[in-house]
Amino acid sequence: MGTRCGIRWTAVALLAALTSGAAPVVTVAQDTENPYISRLDVRAGRQLFQARCSTCHGLNAAGGNESTGPDLTTGRFRHADSDAGLFRVIRDGVRSTAMLGLGADADEQSIWQLVTYLRSVDVTAGGTPTGSAAAGRQLFTGTGGCDRCHMVNGQGQRLGPDLSTVGERRALAELETALVNPDAEVLPRWWTMKATGPDGQVVEGLRMDEDTFTFRIMDADQQLRAFSKYGGWTWERVQRSTMPGYADTFTAAERNDLVAYLFSLRSEP
Amino acid sequence: MTLTLLRTPTRILSRPVAALAALAAAAGPVVAQPSPGEGLAVFSPVTWERLVDAANEPHNWLMYNGTLDSQRFSRLDQIDSANVGQLELKWAHHIPQLDRAETTPLVVDGVMFITESPSNVVAVDAVTGRPFWRYDHPLPDDLRLCCGRNNRGVAILGETLYMSTLDAHLVAIDGRSGSVVWNREVADYRSGYSKTEAPLIVKDQVVTGIAGGEYGIRGFLDSYDADTGERLWRTDTIPGPDHPDNRSWAGDSWRTGGAPTWITGSYDPELNLVYWGTGNPGPDWNGAVRRGDNLYSDSVLALNGDTGEMAWYFQFTPHDEHDWDAIQVPVLADIELDGETRKAMLWANRNGFYYTLDRETGEFLLGKPFAKQTWAEGLDGNGRPIRRPNTAPSQEGTLVSPMAGGATNWWSPAYSPRTNLLYVNAFDGEAIFFSRDEDYQEGDNFTGGGTETPLPIEHYHSAIRAIDPTTGDVRWEFPITPRSRAGVLATAGDLVFSASIDGYFYALDARTGAPLWHISLGGPVHAQPMTYAVNGQQYVTMTIGNTLYTFGLGD
């Protein structure tokens, strides 16, 4: 089957070269950056992957349980080292293997969306950490004091996100950004609600949930408190992070160590 | 057996009201009387005359939008701003198949008809919620559905219910037993058609629409003989090549242009006009393949009530590329405008603009934004939007307000003739719109792109807004966090009822928007409230999550 794919590729390329002056699609695709890289394309690519590729590579591209399709989430591919290379492999397959390819008449957009999907499932996106995870762990629980707000595997406190599996969800660059500029992206769960009572008393806390009539917070003492919006209290959302930036507190080397430690935090080490 | 014995004849006869009703029933058909309740169901045939005069029997809810003018206003006033805080739960009905519950039940003389996911209907005692019968419509496995397995309600004429089904059938069901009277295929579901909307009775016809705007269908509105199921007329929402308006579609794009009709319309008996909204042109987000205004997508159509012939149309969003279906309920009201009483139509559109139209002629009277919008400078003298540049979906994505889900959507608004305000569920959202090449394959999704929301929902603003139809101004708003997908009900108790996706059911002061009562029922809401009365007791009903709840004042 693989051989047949190879023959078909040659035939199409030849035909394209012979029949028109326009550049064959084959060449254009290889020389172009992937133009379909939005989250929408990730979704479309995932759908296509699940329909056409998951029998061998598993539903989430992590390898088939009962077949030989390799894990495609490691960020390293045996037969390609670029988007264009992945495009080629997906279209043409790999000779003498079970990898067939979608064929030369598959539309370019779908192939690029598959490439985008594969990049999105790369758990090591952004490269390999340069720091020491062991040193980062010491800093996290020691002088860094990160565990005064964050919890890892049941150890630590509750005033920031639980980081037990953060390495599965965040790229290295995102972890670095979160350390130096925590306000870059603050999920609504980590906004602060500042409530002022009828007698002027002020209560602040992390916004655990809010709806049309009520909101609930965790205050600095980690107490859970619930408020009615129509019970005489006024409230204000503070859409900033409660975490300080660590650009000046930690050296670059220390930050690298911390990032390496955070990146190592996964459900299965 | 034991349950049957509990309802003893002795107990029934001991109630003077029931005895009187029994006498009346013996003397002839009982029309438009409150149900006598316990033990004595009087479900009298719902004639066309009763439907025309539905506002005058407010203890019943005889059609999807309450009355033919679709004001969703009830003259019941037992529950009012002074006592609404005392509402208590009377009963609940659990819907067995889990999906979106979008129903508006009907109540006829003490019997409630509730439609359920996917295409089922159950008849229950409106006082207790306990069932008389149920009909479960058999469905194939390979349905083409964009938006969940749902149904929004039935219509009734005589003793027969009419229900749309997801396999694009129209089914007539006996209201007393649940037996199928007739079952008619409206379109082939395998080509992408489906049916979710409650039909509308017009005289002796069942007028009914079609869904499938994300599947490259060609939309239409149909009329069927209520007795036989024979099709009486079909009006295509996209004119064929023999009509000059067909030229508003480039090439053959009209064949797959969408413009579905998936929300129940309205009817004006004096003008003999049926009003119905149409949905988005297809493919949704790639307008390059269907250049032109794409008539009559995103429009309201006014059709002759006997023939379906078009009297006029008004297109809200010419050449829509953002999926802004004009699938809103046409609210008919007579309003004072410049010292003159106008037969008006009030319309808060998914595209972010509010419109007041003349419903005799389709003339644009006034319009302005009622929610955040970034795509148009405003409306010109004919109500046509003045588009801003660079707002079309693109390869790399274009940020536009409203989002595809709209500034409002199919959620029924309500109009109170006591306050002269239109109450609308509004959303100030935004989305990044992407355009993609896509080939049409019959029965496959055909949208030409997609959207994504750049920020978590908490960053956007949602509210119930009270709009003055004589100016288009928003008089008050009640903020909702994070948002709502519920319809609205207005009552003569000067209350506005609605709900939110976080599972609240609440009542507002219709004049000020002040919250007067709320209860957390815990599930997401996709339905709209309605009200009815039995034995002199007023009830309000709302479906939240997969449970229908009915509330009333304490004894």
# chains A, B, ... in the order shown; residues from 1 in each chain; ligands from 1
call {"tool": "interface_residues", "arguments": {"of": "chain B", "to": "chain A", "cutoff": "12 Å", "atoms": "only C-alpha atoms", "output": "PyMOL selection string"}}
result
chain B and resi 394-398+432-439+448-464+478-484+498-506+514-520+522
call {"tool": "select_by_dssp", "arguments": {"residues": "range 14-228 of chain B", "states": "strand (DSSP E)", "output": "NGL selection string"}}
result
:B and (73-74 or 88-94 or 106-108 or 111-116 or 120-125 or 131-136 or 155-157 or 160-164 or 169-174 or 180-185 or 200-202 or 205-208 or 220-225)
call {"tool": "write_last_selection", "arguments": {"atoms": "C-alpha atoms", "output": "mmCIF file, in the first residue's frame"}}
result
data_model
loop_
_atom_site.group_PDB
_atom_site.id
_atom_site.type_symbol
_atom_site.label_atom_id
_atom_site.label_comp_id
_atom_site.auth_asym_id
_atom_site.auth_seq_id
_atom_site.Cartn_x
_atom_site.Cartn_y
_atom_site.Cartn_z
ATOM 1 C CA PHE B 73 -48.458 38.629 28.031
ATOM 2 C CA SER B 74 -51.002 37.029 30.368
ATOM 3 C CA GLU B 88 -43.848 28.124 46.412
ATOM 4 C CA LEU B 89 -43.166 24.957 44.454
ATOM 5 C CA LYS B 90 -46.332 23.021 43.580
ATOM 6 C CA TRP B 91 -44.943 20.176 41.510
ATOM 7 C CA ALA B 92 -42.105 19.128 39.199
ATOM 8 C CA HIS B 93 -41.963 16.938 36.111
ATOM 9 C CA HIS B 94 -38.737 15.140 35.259
ATOM 10 C CA LEU B 106 -49.661 24.362 26.514
ATOM 11 C CA VAL B 107 -52.469 24.259 29.078
ATOM 12 C CA VAL B 108 -56.002 23.478 27.957
ATOM 13 C CA VAL B 111 -54.440 19.549 31.066
ATOM 14 C CA MET B 112 -50.826 20.453 30.299
ATOM 15 C CA PHE B 113 -48.985 19.263 27.159
ATOM 16 C CA ILE B 114 -45.203 19.207 27.581
ATOM 17 C CA THR B 115 -42.804 18.392 24.768
ATOM 18 C CA GLU B 116 -39.551 16.691 25.653
ATOM 19 C CA ASN B 120 -41.807 13.326 22.666
ATOM 20 C CA VAL B 121 -44.909 14.788 24.267
ATOM 21 C CA VAL B 122 -46.570 14.055 27.576
ATOM 22 C CA ALA B 123 -50.012 15.146 28.828
ATOM 23 C CA VAL B 124 -50.230 15.799 32.567
ATOM 24 C CA ASP B 125 -52.759 17.066 35.093
ATOM 25 C CA PRO B 131 -49.332 12.035 33.532
ATOM 26 C CA PHE B 132 -52.384 11.005 31.525
ATOM 27 C CA TRP B 133 -50.428 9.688 28.542
ATOM 28 C CA ARG B 134 -47.179 10.086 26.635
ATOM 29 C CA TYR B 135 -46.145 9.762 22.998
ATOM 30 C CA ASP B 136 -42.520 8.862 22.175
ATOM 31 C CA ALA B 155 -49.989 23.436 18.639
ATOM 32 C CA ILE B 156 -53.604 22.440 19.262
ATOM 33 C CA LEU B 157 -56.769 22.662 17.174
ATOM 34 C CA THR B 160 -55.591 17.304 18.120
ATOM 35 C CA LEU B 161 -52.004 18.265 18.887
ATOM 36 C CA TYR B 162 -49.478 19.007 16.147
ATOM 37 C CA MET B 163 -45.797 18.370 16.791
ATOM 38 C CA SER B 164 -42.582 18.798 14.809
ATOM 39 C CA HIS B 169 -41.992 15.028 10.192
ATOM 40 C CA LEU B 170 -45.195 16.738 11.314
ATOM 41 C CA VAL B 171 -47.255 14.475 13.549
ATOM 42 C CA ALA B 172 -50.918 14.906 14.528
ATOM 43 C CA ILE B 173 -51.628 13.369 17.946
ATOM 44 C CA ASP B 174 -54.946 12.851 19.680
ATOM 45 C CA VAL B 180 -51.173 9.218 16.245
ATOM 46 C CA VAL B 181 -53.840 10.640 13.938
ATOM 47 C CA TRP B 182 -51.502 11.219 11.015
ATOM 48 C CA ASN B 183 -47.761 11.421 10.431
ATOM 49 C CA ARG B 184 -46.431 13.363 7.480
ATOM 50 C CA GLU B 185 -42.867 13.705 6.182
ATOM 51 C CA LEU B 200 -48.925 27.704 14.429
ATOM 52 C CA ILE B 201 -52.629 27.140 13.788
ATOM 53 C CA VAL B 202 -54.140 29.515 11.211
ATOM 54 C CA GLN B 205 -54.322 24.955 8.736
ATOM 55 C CA VAL B 206 -51.153 23.903 10.538
ATOM 56 C CA VAL B 207 -48.424 26.361 9.520
ATOM 57 C CA THR B 208 -44.969 25.029 10.233
ATOM 58 C CA PHE B 220 -39.533 27.043 3.292
ATOM 59 C CA LEU B 221 -42.715 27.570 5.271
ATOM 60 C CA ASP B 222 -45.500 24.998 4.883
ATOM 61 C CA SER B 223 -49.214 24.791 5.540
ATOM 62 C CA TYR B 224 -51.033 21.486 6.110
ATOM 63 C CA ASP B 225 -54.721 20.637 6.336
#
call {"tool": "closest_residue", "arguments": {"among": "A:Ile90, A:Leu163, A:Val202, A:Val121", "to": "Ala106 in chain A", "atoms": "only C-alpha atoms"}}
result
A:Ile90
call {"tool": "residues_around", "arguments": {"residues": "Gln157 in chain A", "least_positions_apart": "2", "cutoff": "12 Å", "atoms": "only C-alpha atoms", "output": "VMD selection string"}}
result
chain A and resid 141 145 to 155 159 to 163 218 220 to 222
call {"tool": "write_last_selection", "arguments": {"atoms": "all heavy atoms", "output": "short mmCIF file (atom, residue, chain, number, x, y, z; two decimals), in the first residue's frame"}}
result
data_model
loop_
_atom_site.label_atom_id
_atom_site.label_comp_id
_atom_site.auth_asym_id
_atom_site.auth_seq_id
_atom_site.Cartn_x
_atom_site.Cartn_y
_atom_site.Cartn_z
N THR A 141 9.18 24.96 47.67
CA THR A 141 8.74 24.68 49.04
C THR A 141 9.61 25.36 50.08
O THR A 141 9.25 25.39 51.26
CB THR A 141 8.75 23.16 49.31
OG1 THR A 141 10.05 22.67 49.02
CG2 THR A 141 7.73 22.44 48.44
N GLY A 145 8.78 30.02 48.82
CA GLY A 145 7.50 30.11 49.52
C GLY A 145 6.28 29.97 48.64
O GLY A 145 5.19 30.43 48.99
N CYS A 146 6.44 29.32 47.51
CA CYS A 146 5.29 29.20 46.58
C CYS A 146 4.15 28.40 47.22
O CYS A 146 2.97 28.63 46.91
CB CYS A 146 5.72 28.51 45.29
SG CYS A 146 7.17 29.28 44.52
N ASP A 147 4.51 27.46 48.09
CA ASP A 147 3.48 26.60 48.67
C ASP A 147 2.68 27.31 49.76
O ASP A 147 1.78 26.72 50.35
CB ASP A 147 4.08 25.29 49.19
CG ASP A 147 5.12 25.53 50.26
OD1 ASP A 147 5.54 26.70 50.45
OD2 ASP A 147 5.53 24.55 50.91
N ARG A 148 3.03 28.57 50.02
CA ARG A 148 2.17 29.33 50.94
C ARG A 148 0.84 29.71 50.27
O ARG A 148 -0.10 30.10 50.95
CB ARG A 148 2.90 30.59 51.42
CG ARG A 148 4.02 30.27 52.41
CD ARG A 148 4.38 31.48 53.27
NE ARG A 148 4.92 32.59 52.48
CZ ARG A 148 6.22 32.76 52.25
NH1 ARG A 148 7.10 31.90 52.78
NH2 ARG A 148 6.65 33.77 51.54
N CYS A 149 0.81 29.62 48.93
CA CYS A 149 -0.45 29.87 48.21
C CYS A 149 -0.90 28.66 47.38
O CYS A 149 -2.09 28.41 47.21
CB CYS A 149 -0.32 31.07 47.28
SG CYS A 149 -0.23 32.64 48.16
N HIS A 150 0.09 27.94 46.81
CA HIS A 150 -0.24 26.86 45.86
C HIS A 150 -0.14 25.48 46.51
O HIS A 150 0.67 25.27 47.41
CB HIS A 150 0.72 26.90 44.67
CG HIS A 150 0.55 28.12 43.81
ND1 HIS A 150 -0.48 28.27 42.93
CD2 HIS A 150 1.31 29.24 43.71
CE1 HIS A 150 -0.36 29.44 42.31
NE2 HIS A 150 0.71 30.06 42.77
N MET A 151 -0.91 24.55 45.98
CA MET A 151 -0.88 23.18 46.46
C MET A 151 -0.31 22.28 45.36
O MET A 151 -0.60 22.49 44.19
CB MET A 151 -2.30 22.73 46.83
CG MET A 151 -2.35 21.54 47.73
SD MET A 151 -4.03 21.21 48.31
CE MET A 151 -4.19 22.36 49.67
N VAL A 152 0.53 21.32 45.78
CA VAL A 152 1.00 20.29 44.85
C VAL A 152 0.82 18.95 45.54
O VAL A 152 1.37 18.74 46.64
CB VAL A 152 2.47 20.51 44.45
CG1 VAL A 152 2.99 19.32 43.64
CG2 VAL A 152 2.62 21.81 43.65
N ASN A 153 0.05 18.09 44.92
CA ASN A 153 -0.20 16.75 45.48
C ASN A 153 -0.60 16.78 46.95
O ASN A 153 -0.07 16.03 47.77
CB ASN A 153 1.03 15.86 45.26
CG ASN A 153 1.31 15.68 43.78
OD1 ASN A 153 0.37 15.61 42.97
ND2 ASN A 153 2.58 15.65 43.41
N GLY A 154 -1.50 17.68 47.28
CA GLY A 154 -2.05 17.72 48.62
C GLY A 154 -1.25 18.51 49.63
O GLY A 154 -1.67 18.69 50.77
N GLN A 155 -0.04 18.99 49.24
CA GLN A 155 0.81 19.76 50.16
C GLN A 155 0.80 21.22 49.73
O GLN A 155 1.05 21.52 48.56
CB GLN A 155 2.25 19.22 50.13
CG GLN A 155 2.36 17.76 50.52
CD GLN A 155 1.92 17.51 51.96
OE1 GLN A 155 2.36 18.18 52.88
NE2 GLN A 155 1.01 16.54 52.13
N LEU A 159 -4.59 29.45 48.17
CA LEU A 159 -4.84 30.82 47.69
C LEU A 159 -4.38 31.05 46.26
O LEU A 159 -4.36 32.18 45.77
CB LEU A 159 -4.19 31.82 48.64
CG LEU A 159 -4.79 31.77 50.06
CD1 LEU A 159 -3.99 32.65 51.02
CD2 LEU A 159 -6.25 32.19 50.06
N GLY A 160 -4.02 29.99 45.59
CA GLY A 160 -3.67 30.05 44.16
C GLY A 160 -4.06 28.72 43.54
O GLY A 160 -4.45 27.79 44.25
N PRO A 161 -3.92 28.61 42.22
CA PRO A 161 -4.28 27.35 41.55
C PRO A 161 -3.48 26.15 42.08
O PRO A 161 -2.30 26.29 42.38
CB PRO A 161 -3.95 27.62 40.09
CG PRO A 161 -3.94 29.11 39.95
CD PRO A 161 -3.52 29.65 41.27
N ASP A 162 -4.13 25.01 42.16
CA ASP A 162 -3.46 23.74 42.45
C ASP A 162 -2.58 23.40 41.25
O ASP A 162 -3.05 23.35 40.12
CB ASP A 162 -4.52 22.65 42.67
CG ASP A 162 -3.91 21.33 43.13
OD1 ASP A 162 -2.89 20.92 42.52
OD2 ASP A 162 -4.45 20.72 44.06
N LEU A 163 -1.28 23.17 41.51
CA LEU A 163 -0.34 22.99 40.40
C LEU A 163 0.08 21.54 40.19
O LEU A 163 1.06 21.26 39.50
CB LEU A 163 0.91 23.87 40.65
CG LEU A 163 0.61 25.38 40.77
CD1 LEU A 163 1.88 26.14 41.13
CD2 LEU A 163 0.03 25.91 39.47
N MET A 218 -13.21 32.96 48.74
CA MET A 218 -12.34 32.44 49.79
C MET A 218 -11.52 33.63 50.27
O MET A 218 -10.83 34.27 49.47
CB MET A 218 -11.43 31.34 49.24
CG MET A 218 -10.41 30.86 50.27
SD MET A 218 -9.34 29.58 49.62
CE MET A 218 -10.44 28.17 49.69
N ALA A 220 -8.65 35.68 52.86
CA ALA A 220 -7.22 35.46 53.08
C ALA A 220 -6.95 34.37 54.12
O ALA A 220 -5.89 33.75 54.13
CB ALA A 220 -6.55 36.78 53.49
N ASP A 221 -7.93 34.15 55.01
CA ASP A 221 -7.79 33.07 56.00
C ASP A 221 -8.29 31.73 55.46
O ASP A 221 -8.46 30.77 56.21
CB ASP A 221 -8.59 33.42 57.26
CG ASP A 221 -8.05 34.67 57.94
OD1 ASP A 221 -6.82 34.90 57.84
OD2 ASP A 221 -8.85 35.44 58.51
N GLN A 222 -8.58 31.70 54.15
CA GLN A 222 -9.05 30.50 53.47
C GLN A 222 -10.42 30.06 53.97
O GLN A 222 -10.78 28.88 53.92
CB GLN A 222 -8.02 29.36 53.55
CG GLN A 222 -6.67 29.80 52.98
CD GLN A 222 -5.64 28.69 52.93
OE1 GLN A 222 -5.97 27.54 52.73
NE2 GLN A 222 -4.38 29.07 53.08
#
call {"tool": "select_by_dssp", "arguments": {"residues": "range 18-265 of chain A", "states": "alpha helix (DSSP H)", "output": "number ranges by chain"}}
result
A: 18-19, 25-31, 39-52, 54-57, 83-92, 108-120, 133-141, 172-180, 252-264
call {"tool": "residues_around", "arguments": {"residues": "range 144-149 of chain B", "least_positions_apart": "6", "cutoff": "12 Å", "atoms": "only C-alpha atoms", "output": "PyMOL selection string"}}
result
chain B and resi 97-103+115-120+165-168+188-197+211-217+262+405+442-447+526
call {"tool": "write_last_selection", "arguments": {"atoms": "C-alpha atoms", "output": "PDB file, in the first residue's frame"}}
result
ATOM      1  CA  GLN B  97     -34.214  11.828  28.108  1.00  0.00           C
ATOM      2  CA  LEU B  98     -31.394  14.232  28.882  1.00  0.00           C
ATOM      3  CA  ASP B  99     -30.701  16.998  26.386  1.00  0.00           C
ATOM      4  CA  ARG B 100     -31.705  20.615  25.993  1.00  0.00           C
ATOM      5  CA  ALA B 101     -35.241  21.229  27.289  1.00  0.00           C
ATOM      6  CA  GLU B 102     -36.622  24.103  25.183  1.00  0.00           C
ATOM      7  CA  THR B 103     -40.336  23.532  25.614  1.00  0.00           C
ATOM      8  CA  THR B 115     -42.804  18.392  24.768  1.00  0.00           C
ATOM      9  CA  GLU B 116     -39.551  16.691  25.653  1.00  0.00           C
ATOM     10  CA  SER B 117     -36.248  15.784  24.073  1.00  0.00           C
ATOM     11  CA  PRO B 118     -35.918  14.340  21.503  1.00  0.00           C
ATOM     12  CA  SER B 119     -39.431  14.439  19.939  1.00  0.00           C
ATOM     13  CA  ASN B 120     -41.807  13.326  22.666  1.00  0.00           C
ATOM     14  CA  THR B 165     -40.080  15.956  15.028  1.00  0.00           C
ATOM     15  CA  LEU B 166     -36.310  15.814  14.558  1.00  0.00           C
ATOM     16  CA  ASP B 167     -36.650  13.539  11.514  1.00  0.00           C
ATOM     17  CA  ALA B 168     -38.509  16.431   9.798  1.00  0.00           C
ATOM     18  CA  ASP B 188     -35.934  14.326   3.962  1.00  0.00           C
ATOM     19  CA  TYR B 189     -33.848  14.447   7.152  1.00  0.00           C
ATOM     20  CA  ARG B 190     -30.977  12.769   5.305  1.00  0.00           C
ATOM     21  CA  SER B 191     -30.546  15.979   3.299  1.00  0.00           C
ATOM     22  CA  GLY B 192     -30.029  17.981   6.502  1.00  0.00           C
ATOM     23  CA  TYR B 193     -33.605  18.960   7.356  1.00  0.00           C
ATOM     24  CA  SER B 194     -35.042  18.724  10.863  1.00  0.00           C
ATOM     25  CA  LYS B 195     -37.985  20.166  12.752  1.00  0.00           C
ATOM     26  CA  THR B 196     -37.950  21.597  16.262  1.00  0.00           C
ATOM     27  CA  GLU B 197     -40.448  24.484  16.336  1.00  0.00           C
ATOM     28  CA  ALA B 211     -34.567  23.762  10.474  1.00  0.00           C
ATOM     29  CA  GLY B 212     -31.235  22.904   8.880  1.00  0.00           C
ATOM     30  CA  GLY B 213     -29.481  26.224   8.170  1.00  0.00           C
ATOM     31  CA  GLU B 214     -26.095  24.637   8.911  1.00  0.00           C
ATOM     32  CA  TYR B 215     -26.646  21.873   6.303  1.00  0.00           C
ATOM     33  CA  GLY B 216     -27.121  23.739   3.037  1.00  0.00           C
ATOM     34  CA  ILE B 217     -30.870  23.225   2.907  1.00  0.00           C
ATOM     35  CA  TRP B 262     -37.258  27.229  12.956  1.00  0.00           C
ATOM     36  CA  GLY B 405     -25.181  33.400  19.125  1.00  0.00           C
ATOM     37  CA  GLU B 442     -25.742  16.666   0.784  1.00  0.00           C
ATOM     38  CA  GLY B 443     -26.594  15.915   4.395  1.00  0.00           C
ATOM     39  CA  ASP B 444     -23.235  17.184   5.713  1.00  0.00           C
ATOM     40  CA  ASN B 445     -22.521  20.225   7.798  1.00  0.00           C
ATOM     41  CA  PHE B 446     -22.078  23.263   5.517  1.00  0.00           C
ATOM     42  CA  THR B 447     -20.962  26.311   7.488  1.00  0.00           C
ATOM     43  CA  HIS B 526     -33.034  26.884  27.457  1.00  0.00           C
TER      44      HIS B 526
END
call {"tool": "residues_around", "arguments": {"residues": "Asn83 in chain B", "least_positions_apart": "4", "cutoff": "10 Å", "atoms": "only C-alpha atoms", "output": "list in words"}}
result
Gln78, Ile79, Leu87, Gly493, Leu516, Trp517 and Leu553 of chain B
